[in-house]
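**Student:** Pasting start-v7.txt here (compact mmCIF, C-alpha atoms):
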```txt
# COMPACT_ATOMS: atom_id res chain seq x y z
CA MET S 232 0.00 0.00 0.00
CA ARG S 233 2.72 2.34 1.01
CA LYS S 234 4.78 1.51 -2.09
CA LEU S 235 1.80 2.23 -4.27
CA PHE S 236 1.40 5.59 -2.63
CA PHE S 237 5.01 6.54 -3.31
CA ALA S 238 4.83 5.34 -6.88
CA GLY S 239 1.77 7.50 -7.31
CA MET S 240 3.51 10.48 -5.84
CA ILE S 241 6.54 10.10 -8.07
CA ALA S 242 4.29 9.78 -11.10
CA CYS S 243 2.52 12.97 -10.07
CA ILE S 244 5.75 14.89 -9.64
CA ALA S 245 7.13 13.61 -12.92
CA PHE S 246 3.95 14.57 -14.68
CA THR S 247 3.74 18.12 -13.33
CA ALA S 248 7.44 18.65 -13.92
CA CYS S 249 7.04 17.61 -17.51
CA GLN S 250 4.07 19.86 -17.96
CA SER S 251 5.77 22.98 -16.77
CA THR S 252 8.90 22.50 -18.85
CA SER S 253 7.05 21.68 -22.03
CA THR S 254 4.82 24.77 -21.97
CA THR S 255 6.02 27.60 -24.13
CA LEU S 256 3.95 30.53 -25.17
CA PRO S 257 2.97 30.84 -28.82
CA ILE S 258 4.25 33.64 -31.04
CA ILE S 259 1.26 35.69 -32.05
CA GLY S 260 0.62 37.32 -35.40
CA GLN S 261 1.05 36.55 -39.04
CA ARG S 262 4.11 34.60 -40.08
CA ASP S 263 5.84 34.62 -43.45
CA ALA S 264 8.04 31.98 -44.97
CA VAL S 265 11.14 33.33 -46.70
CA GLN S 266 13.72 31.51 -48.75
CA LYS S 267 17.27 32.16 -47.72
CA GLU S 268 20.54 30.94 -49.07
CA ILE S 269 22.85 29.57 -46.40
CA ASP S 270 26.14 27.97 -47.49
CA GLY S 271 24.85 27.57 -51.02
CA LYS S 272 21.68 25.80 -49.91
CA ILE S 273 18.19 27.24 -50.09
CA VAL S 274 16.43 27.03 -46.71
CA THR S 275 13.02 28.22 -45.67
CA ASP S 276 12.90 30.49 -42.68
CA THR S 277 9.88 31.72 -40.78
CA ILE S 278 9.59 35.42 -40.10
CA TYR S 279 7.33 36.25 -37.17
CA HIS S 280 5.46 39.43 -36.52
CA ARG S 281 7.65 41.87 -34.54
CA ILE S 282 7.01 45.19 -32.84
CA PRO S 283 8.85 47.71 -35.05
CA ALA S 284 11.31 50.32 -33.77
CA PHE S 285 9.76 53.28 -31.94
CA SER S 286 10.75 56.30 -29.90
CA PHE S 287 8.57 58.37 -27.59
CA LEU S 288 8.82 60.93 -24.80
CA ASN S 289 8.34 59.43 -21.36
CA GLN S 290 7.02 60.83 -18.06
CA ASP S 291 10.41 62.43 -17.36
CA SER S 292 10.46 64.09 -20.82
CA VAL S 293 13.23 61.73 -21.88
CA LEU S 294 13.15 60.20 -25.33
CA ILE S 295 13.03 56.43 -24.97
CA SER S 296 12.97 53.79 -27.69
CA ASP S 297 12.59 50.07 -28.32
CA LYS S 298 16.28 49.84 -27.29
CA ASN S 299 15.25 50.50 -23.68
CA PHE S 300 13.46 47.15 -23.80
CA ASP S 301 16.29 45.11 -25.30
CA GLN S 302 17.18 42.04 -23.24
CA LYS S 303 13.91 42.38 -21.37
CA ILE S 304 10.40 41.11 -21.64
CA TYR S 305 7.73 43.76 -21.27
CA VAL S 306 4.00 44.30 -20.95
CA ALA S 307 2.52 47.06 -23.12
CA ASN S 308 -0.88 48.72 -23.11
CA PHE S 309 -2.74 51.80 -24.37
CA PHE S 310 -4.59 54.19 -22.07
CA PHE S 311 -5.11 57.87 -21.25
CA THR S 312 -4.94 59.63 -17.91
CA HIS S 313 -8.49 60.96 -17.67
CA CYS S 314 -10.10 57.86 -19.18
CA PRO S 315 -13.35 57.22 -17.30
CA SER S 316 -14.10 53.71 -18.58
CA ILE S 317 -11.80 50.70 -18.79
CA CYS S 318 -8.40 52.26 -18.03
CA PRO S 319 -8.69 52.49 -14.23
CA THR S 320 -9.43 48.77 -14.00
CA MET S 321 -6.74 47.89 -16.55
CA GLN S 322 -4.13 50.01 -14.73
CA ARG S 323 -5.21 48.65 -11.33
CA ASN S 324 -4.49 45.17 -12.68
CA LEU S 325 -1.21 46.11 -14.36
CA LEU S 326 -0.15 47.72 -11.09
CA LYS S 327 -0.44 44.29 -9.46
CA ALA S 328 2.05 42.88 -11.96
CA TYR S 329 4.35 45.90 -11.51
CA GLU S 330 4.32 45.47 -7.76
CA LYS S 331 4.94 41.74 -8.03
CA TYR S 332 8.05 42.24 -10.19
CA LYS S 333 9.19 45.57 -8.80
CA ASN S 334 12.97 46.03 -9.24
CA ASP S 335 13.22 42.82 -11.27
CA GLU S 336 15.36 43.96 -14.19
CA ARG S 337 14.17 41.16 -16.45
CA ILE S 338 10.79 42.82 -16.99
CA SER S 339 9.39 46.29 -17.79
CA PHE S 340 6.03 47.89 -18.35
CA LEU S 341 5.07 50.35 -21.08
CA SER S 342 1.86 52.38 -21.14
CA HIS S 343 1.19 54.46 -24.27
CA SER S 344 -1.17 57.39 -23.95
CA ILE S 345 -3.61 57.70 -26.84
CA ASP S 346 -4.55 61.23 -25.75
CA PHE S 347 -1.78 62.97 -27.65
CA LYS S 348 -3.37 66.39 -26.92
CA TYR S 349 -3.66 66.40 -23.16
CA ASP S 350 -1.25 63.78 -21.81
CA GLN S 351 2.00 65.74 -21.96
CA PRO S 352 4.99 64.30 -20.03
CA HIS S 353 4.24 66.30 -16.87
CA VAL S 354 0.64 65.00 -16.88
CA LEU S 355 1.96 61.46 -17.25
CA LYS S 356 4.43 62.10 -14.44
CA GLU S 357 1.73 63.20 -12.04
CA TYR S 358 -0.39 60.20 -13.04
CA ALA S 359 2.50 57.76 -12.53
CA THR S 360 3.34 59.23 -9.16
CA ASN S 361 -0.27 59.07 -8.02
CA LEU S 362 -0.45 55.47 -9.17
CA GLY S 363 2.55 54.70 -6.99
CA VAL S 364 5.07 54.21 -9.80
CA ASN S 365 8.40 55.64 -8.71
CA ASN S 366 11.04 53.97 -10.86
CA GLU S 367 11.87 53.59 -14.53
CA GLN S 368 10.54 50.07 -14.74
CA TRP S 369 7.13 51.34 -15.82
CA GLN S 370 7.31 53.85 -18.65
CA PHE S 371 4.42 56.14 -19.59
CA VAL S 372 4.88 57.58 -23.06
CA THR S 373 3.35 60.09 -25.43
CA GLY S 374 3.93 60.72 -29.13
CA SER S 375 2.25 61.94 -32.27
CA LYS S 376 -1.15 60.54 -33.05
CA ALA S 377 0.19 58.83 -36.17
CA ALA S 378 3.06 57.18 -34.32
CA ILE S 379 1.06 55.94 -31.33
CA TYR S 380 -2.01 54.79 -33.26
CA SER S 381 -0.03 52.94 -35.90
CA LEU S 382 2.07 51.26 -33.23
CA ALA S 383 -1.17 50.18 -31.50
CA ASP S 384 -2.04 48.35 -34.72
CA GLN S 385 1.24 46.48 -34.46
CA TYR S 386 0.27 45.33 -30.95
CA PHE S 387 -3.18 44.39 -32.34
CA VAL S 388 -4.80 46.88 -29.97
CA TYR S 389 -7.74 48.86 -31.30
CA THR S 390 -7.47 52.64 -30.82
CA LYS S 391 -9.62 55.41 -32.22
CA GLU S 392 -10.33 59.06 -31.54
CA ASP S 393 -14.12 59.12 -31.12
CA SER S 394 -16.09 62.02 -29.69
CA THR S 395 -19.15 59.81 -29.13
CA VAL S 396 -17.56 57.69 -26.38
CA ALA S 397 -16.87 58.76 -22.79
CA GLY S 398 -13.51 60.50 -22.58
CA GLY S 399 -13.25 61.02 -26.36
CA TYR S 400 -11.13 57.98 -27.24
CA ASP S 401 -12.16 54.42 -27.91
CA HIS S 402 -9.71 51.60 -27.41
CA SER S 403 -9.38 48.03 -26.23
CA GLY S 404 -7.90 47.16 -22.87
CA TYR S 405 -5.37 44.52 -23.82
CA LEU S 406 -2.18 43.89 -21.89
CA VAL S 407 0.31 42.64 -24.46
CA LEU S 408 3.25 40.46 -23.45
CA VAL S 409 6.38 40.94 -25.58
CA ASP S 410 9.62 38.90 -25.55
CA HIS S 411 13.31 39.79 -26.12
CA ASP S 412 12.87 39.52 -29.89
CA LYS S 413 9.88 41.91 -29.80
CA HIS S 414 7.57 39.04 -30.63
CA ILE S 415 4.10 39.14 -29.08
CA ARG S 416 3.67 36.10 -26.84
CA GLY S 417 0.28 36.80 -25.32
CA ALA S 418 -2.58 39.31 -25.14
CA TYR S 419 -4.83 39.53 -22.08
CA ASP S 420 -7.97 41.53 -21.40
CA GLY S 421 -6.76 43.89 -18.68
CA THR S 422 -10.27 44.24 -17.26
CA ASN S 423 -10.78 40.49 -16.80
CA LYS S 424 -9.60 38.92 -13.55
CA GLU S 425 -8.94 35.42 -14.93
CA GLN S 426 -7.02 36.74 -17.92
CA VAL S 427 -4.90 38.96 -15.71
CA SER S 428 -3.94 36.02 -13.49
CA GLN S 429 -3.11 34.09 -16.66
CA LEU S 430 -0.81 36.97 -17.63
CA LEU S 431 1.02 36.65 -14.30
CA LYS S 432 1.51 32.93 -14.92
CA ASP S 433 2.63 33.47 -18.50
CA ILE S 434 5.18 36.09 -17.43
CA ASP S 435 6.87 33.43 -15.32
CA ILE S 436 6.79 30.95 -18.20
CA LEU S 437 8.34 33.52 -20.54
CA LEU S 438 11.01 34.53 -18.01
CA LYS S 439 12.06 30.86 -17.81
CA GLU S 440 12.96 30.93 -21.51
CA TYR S 441 15.80 33.29 -20.69
CA GLU S 442 17.22 31.54 -17.64
CA MET M 118 -20.20 26.22 41.50
CA ASN M 119 -21.17 28.94 43.86
CA ASN M 120 -24.74 30.26 43.71
CA ARG M 121 -23.72 33.86 43.19
CA TYR M 122 -21.75 33.01 40.05
CA THR M 123 -24.73 31.19 38.57
CA ILE M 124 -26.85 34.27 39.01
CA ILE M 125 -24.25 36.54 37.44
CA LEU M 126 -23.74 34.18 34.51
CA THR M 127 -27.45 33.83 33.81
CA SER M 128 -27.97 37.56 33.92
CA ILE M 129 -25.12 38.07 31.44
CA GLY M 130 -26.71 35.40 29.25
CA VAL M 131 -30.08 37.10 29.36
CA LEU M 132 -28.48 40.43 28.55
CA ILE M 133 -26.76 38.98 25.47
CA MET M 134 -30.02 37.42 24.30
CA LEU M 135 -31.74 40.75 24.73
CA LEU M 136 -29.07 42.60 22.74
CA LEU M 137 -29.23 40.04 19.94
CA HIS M 138 -32.98 40.40 19.87
CA ILE M 139 -32.79 44.17 19.61
CA SER M 140 -30.25 44.07 16.78
CA SER M 141 -32.32 41.54 14.83
CA CYS M 142 -35.35 43.80 15.19
CA GLN M 143 -33.32 46.69 13.90
CA SER M 144 -32.36 44.86 10.74
CA ASN M 145 -36.04 44.11 10.14
CA VAL M 146 -36.75 47.81 10.13
CA SER M 147 -34.16 48.31 7.39
CA ILE M 148 -35.47 45.91 4.74
CA GLN M 149 -36.02 48.92 2.53
CA THR M 150 -32.45 50.03 3.14
CA ALA M 151 -31.29 46.61 2.00
CA GLN M 152 -33.41 46.85 -1.13
CA TYR M 153 -31.95 50.25 -1.95
CA ALA M 154 -28.47 48.88 -1.39
CA VAL M 155 -29.06 45.93 -3.75
CA ASN M 156 -30.21 48.26 -6.51
CA GLY M 157 -27.31 50.55 -5.71
CA GLN M 158 -24.81 47.72 -6.02
CA LYS M 159 -25.79 47.11 -9.66
CA LEU M 160 -25.44 50.78 -10.53
CA TYR M 161 -22.15 51.01 -8.64
CA LEU M 162 -20.78 48.12 -10.66
CA SER M 163 -21.45 49.78 -13.99
CA HIS M 164 -20.72 53.42 -13.10
CA CYS M 165 -18.24 53.62 -10.26
CA GLN M 166 -16.38 50.38 -9.65
CA ASN M 167 -13.72 50.87 -12.34
CA CYS M 168 -12.31 53.84 -10.44
CA HIS M 169 -13.30 53.22 -6.83
CA GLY M 170 -12.80 49.43 -6.81
CA SER M 171 -15.04 46.48 -6.00
CA LYS M 172 -14.63 47.03 -2.25
CA GLY M 173 -14.59 50.81 -2.43
CA GLU M 174 -10.85 50.66 -1.85
CA GLY M 175 -10.00 53.28 -4.48
CA LEU M 176 -6.72 53.17 -6.41
CA ALA M 177 -3.49 54.52 -4.94
CA GLN M 178 -3.53 58.35 -4.92
CA LEU M 179 -5.55 58.50 -8.12
CA TYR M 180 -9.03 57.54 -6.94
CA PRO M 181 -10.05 57.95 -3.28
CA PRO M 182 -11.56 55.07 -1.28
CA LEU M 183 -15.24 55.25 -0.36
CA THR M 184 -14.69 54.10 3.20
CA ASP M 185 -14.22 57.35 5.11
CA ASN M 186 -17.23 57.50 7.46
CA GLU M 187 -16.24 60.89 8.81
CA TYR M 188 -16.16 62.36 5.30
CA PHE M 189 -19.53 60.77 4.51
CA LYS M 190 -21.11 62.18 7.67
CA GLN M 191 -19.78 65.68 7.23
CA ASN M 192 -20.73 65.80 3.56
CA ARG M 193 -24.00 63.89 3.62
CA ALA M 194 -25.83 66.36 1.38
CA LYS M 195 -22.86 67.11 -0.84
CA LEU M 196 -22.44 63.45 -1.87
CA SER M 197 -25.48 63.73 -4.17
CA CYS M 198 -23.88 66.72 -5.90
CA ILE M 199 -20.57 64.87 -6.32
CA ILE M 200 -22.26 61.99 -8.10
CA ARG M 201 -24.36 64.14 -10.41
CA TYR M 202 -21.87 66.89 -11.22
CA GLY M 203 -18.50 65.23 -10.60
CA MET M 204 -15.73 66.84 -8.64
CA LYS M 205 -12.37 68.51 -9.15
CA GLU M 206 -11.33 70.14 -5.94
CA SER M 207 -8.63 68.93 -3.63
CA ILE M 208 -10.05 66.68 -0.89
CA ILE M 209 -8.70 64.78 2.09
CA ILE M 210 -9.86 61.19 2.60
CA HIS M 211 -8.43 59.14 5.47
CA GLY M 212 -5.80 61.85 5.88
CA LYS M 213 -4.54 61.63 2.29
CA THR M 214 -4.96 64.38 -0.29
CA TYR M 215 -6.60 63.65 -3.65
CA LYS M 216 -6.79 66.19 -6.44
CA ASN M 217 -7.81 64.26 -9.49
CA GLN M 218 -11.04 64.77 -11.39
CA MET M 219 -14.23 62.75 -11.09
CA PRO M 220 -16.54 62.91 -14.13
CA ALA M 221 -20.20 63.95 -13.90
CA ASN M 222 -23.04 61.42 -14.17
CA PRO M 223 -25.92 63.30 -15.79
CA GLN M 224 -27.54 60.01 -16.82
CA LEU M 225 -28.24 58.93 -13.22
CA THR M 226 -31.69 59.83 -11.86
CA GLU M 227 -32.37 61.10 -8.33
CA LEU M 228 -33.56 57.64 -7.36
CA ASP M 229 -30.44 56.03 -8.85
CA ILE M 230 -28.32 58.36 -6.74
CA ALA M 231 -30.33 57.43 -3.63
CA TYR M 232 -29.71 53.74 -4.36
CA ILE M 233 -25.98 54.21 -4.93
CA LEU M 234 -25.46 56.40 -1.86
CA THR M 235 -27.35 53.90 0.30
CA TYR M 236 -25.12 51.17 -1.08
CA ILE M 237 -21.77 52.86 -0.56
CA THR M 238 -22.50 54.37 2.86
CA THR M 239 -23.88 51.12 4.29
CA ASN M 240 -21.48 48.69 2.60
CA PHE M 241 -18.16 50.49 2.41
CA GLY M 242 -19.00 52.86 5.23
CA THR M 243 -20.69 51.71 8.44
CA SER M 244 -23.88 53.75 8.19
CA ASP M 245 -27.19 51.93 8.58
CA SER M 246 -29.51 54.64 7.32
CA ILE M 247 -31.11 54.98 3.94
CA TYR M 248 -30.80 57.86 1.47
CA ARG M 249 -34.35 58.56 0.43
CA HIS M 250 -35.42 59.86 -2.96
CA GLU M 251 -36.70 63.05 -1.30
CA GLU M 252 -33.41 63.67 0.49
CA VAL M 253 -31.43 63.41 -2.75
CA LYS M 254 -33.90 65.72 -4.51
CA GLU M 255 -33.46 68.37 -1.82
CA ALA M 256 -29.69 67.95 -1.78
CA LEU M 257 -29.44 68.40 -5.55
CA LYS M 258 -31.42 71.65 -5.39
CA ALA M 259 -28.79 73.03 -3.02
CA CYS M 260 -25.70 72.08 -5.05
CA GLY M 261 -25.32 75.61 -6.31
CA ILE M 262 -24.32 74.52 -9.81
```
If you convert what's in this file into structure tokens, what do you get?
**Tutor:**
Amino acid sequence: MRKLFFAGMIACIAFTACQSTSTTLPIIGQRDAVQKEIDGKIVTDTIYHRIPAFSFLNQDSVLISDKNFDQKIYVANFFFTHCPSICPTMQRNLLKAYEKYKNDERISFLSHSIDFKYDQPHVLKEYATNLGVNNEQWQFVTGSKAAIYSLADQYFVYTKEDSTVAGGYDHSGYLVLVDHDKHIRGAYDGTNKEQVSQLLKDIDILLKEYE
Amino acid sequence: MNNRYTIILTSIGVLIMLLLHISSCQSNVSIQTAQYAVNGQKLYLSHCQNCHGSKGEGLAQLYPPLTDNEYFKQNRAKLSCIIRYGMKESIIIHGKTYKNQMPANPQLTELDIAYILTYITTNFGTSDSIYRHEEVKEALKACGI
């Protein structure tokens, strides 16, 4: 009886161990096959969707770019400071992730304002401070409408200036998880509890890839 | 056991029973309050919870908590005005200063406001009294906006 119990336990451990090592997150977005010549041979390579280069002003009026996120994974989203609808919930949830990984240099957070008129760096600074963000690990950025809105498309986040919705801007509340190669590895509804806890789990899975 | 102790113990017992009885009677009186609060909870969920949180806990220094009984008591009439017209002055809640902006809610009726205020003051605050439709109506007349 006792032997059986131990055998069962070992099987359980083996099983869960296997499960956690074999899980990797998918790469999201369209992929293209390209033919390349390597050492005289034609090979087919897969090109995955990547977040393109960008540069924006942050809450300290410093120009930051995609380079600031090299060798890191990061979570990106789109919001605006006086947004009355989904943003407070989305930011409340992202704050949980920020606090969990605070001072962990392997991960950053990046919030893009879609209110290019009002959310100047000093407005973003006050917002960040009030939210309790006091280091560079969470960046709040502003840029031209064209730059921010077209980058949102690259993250597959819907954004639109729309005077008929509360606050004047319509957008979706996704938290987008990005890896070292700027590939999107997950997108989570930032207003949904279950999806946000999935994000926290997936962050750990993604961090393991770089151990 | 000594006879005196038995008497003391029974009288304490009776006292407790009496207190329990009184408090259960009190909650019978407030069935209407409970009904208001239930209606208020639904409205809170769709109009307020994103900023003020599911337990009225607020969010950091951005959105104040709705748990400051002292503030509620001192501003009983003003609360109706805050909901209908929003707010953008600097306020102190639980000793912390907030100076963000709360949007107006022109779509909420007087009765809606009575429901919501009953909900937040009895659930997040410790009040046990109802906000009646009439009270909200009077309060809104005096907002000065």
**Student:** What are the residues of chain S lining chain M at 10 Å or less? Count only C-alpha atoms, and put the answer as a ChimeraX atom specification.
**Tutor:** /S:312-323,326,357-364,397-398,422
**Student:** Work out how far atom CA of Glu336 of chain S is from atom CA of Lys298 of chain S, in Å to one decimal.
**Tutor:**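 Calculated distance between atom CA of Lys298 of chain S and atom CA of Glu336 of chain S is 14.4 Å.
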**Student:** Can you list, as a PDB file with C-alpha atoms, in the frame of the given file, every protein, DNA or RNA residue that comes within 8 Å of Lys195 of chain M when you count only C-alpha atoms, leaving out same-chain residues fewer than 3 positions away?
**Tutor:**
```pdb
ATOM      1  CA  ASN M 192     -20.730  65.800   3.560  1.00  0.00           C
ATOM      2  CA  CYS M 198     -23.880  66.720  -5.900  1.00  0.00           C
ATOM      3  CA  ILE M 199     -20.570  64.870  -6.320  1.00  0.00           C
ATOM      4  CA  ALA M 256     -29.690  67.950  -1.780  1.00  0.00           C
ATOM      5  CA  CYS M 260     -25.700  72.080  -5.050  1.00  0.00           C
TER       6      CYS M 260
END
```
**Student:** Please tell me which residues are no farther than 12 Å from (2.9, 59.4, -23.6) in the file, counting all atoms listed in the file, and write them as a PyMOL selection string.
**Tutor:** chain S and resi 286-295+308-312+341-356+358-359+369-376+378-380
**Student:** Have a look at atom CA of Asn186 of chain M and atom CA of Gln224 of chain M and let me know their distance in Å, one decimal.
**Tutor:**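 Between atom CA of Asn186 of chain M and atom CA of Gln224 of chain M the gap is 26.5 Å.
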**Student:** Compile the contact shell of Ala307 of chain S as a list in words: residues with an atom at most 9 Å away, counting only C-alpha atoms, same-chain residues fewer than 3 positions apart removed.
**Tutor:**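 My list of contacting residues is Ser339, Phe340, Leu341, Ser342, His343, Tyr386, Tyr405, Leu406, Val407, Leu408 and Val409 of chain S.
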**Student:** Can you measure atom CA of Lys254 of chain M to atom CA of Lys205 of chain M for me? One decimal in Å is fine.
**Tutor:** 22.2 Å
**Student:** Would you mind telling me which residue in M:Ser246, M:Lys213, M:Ser207, M:Lys258 lies nearest to Glu227 of chain M when using only C-alpha atoms?
**Tutor:**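 Once distances to Glu227 of chain M are computed over only C-alpha atoms, the minimum belongs to M:Lys258.
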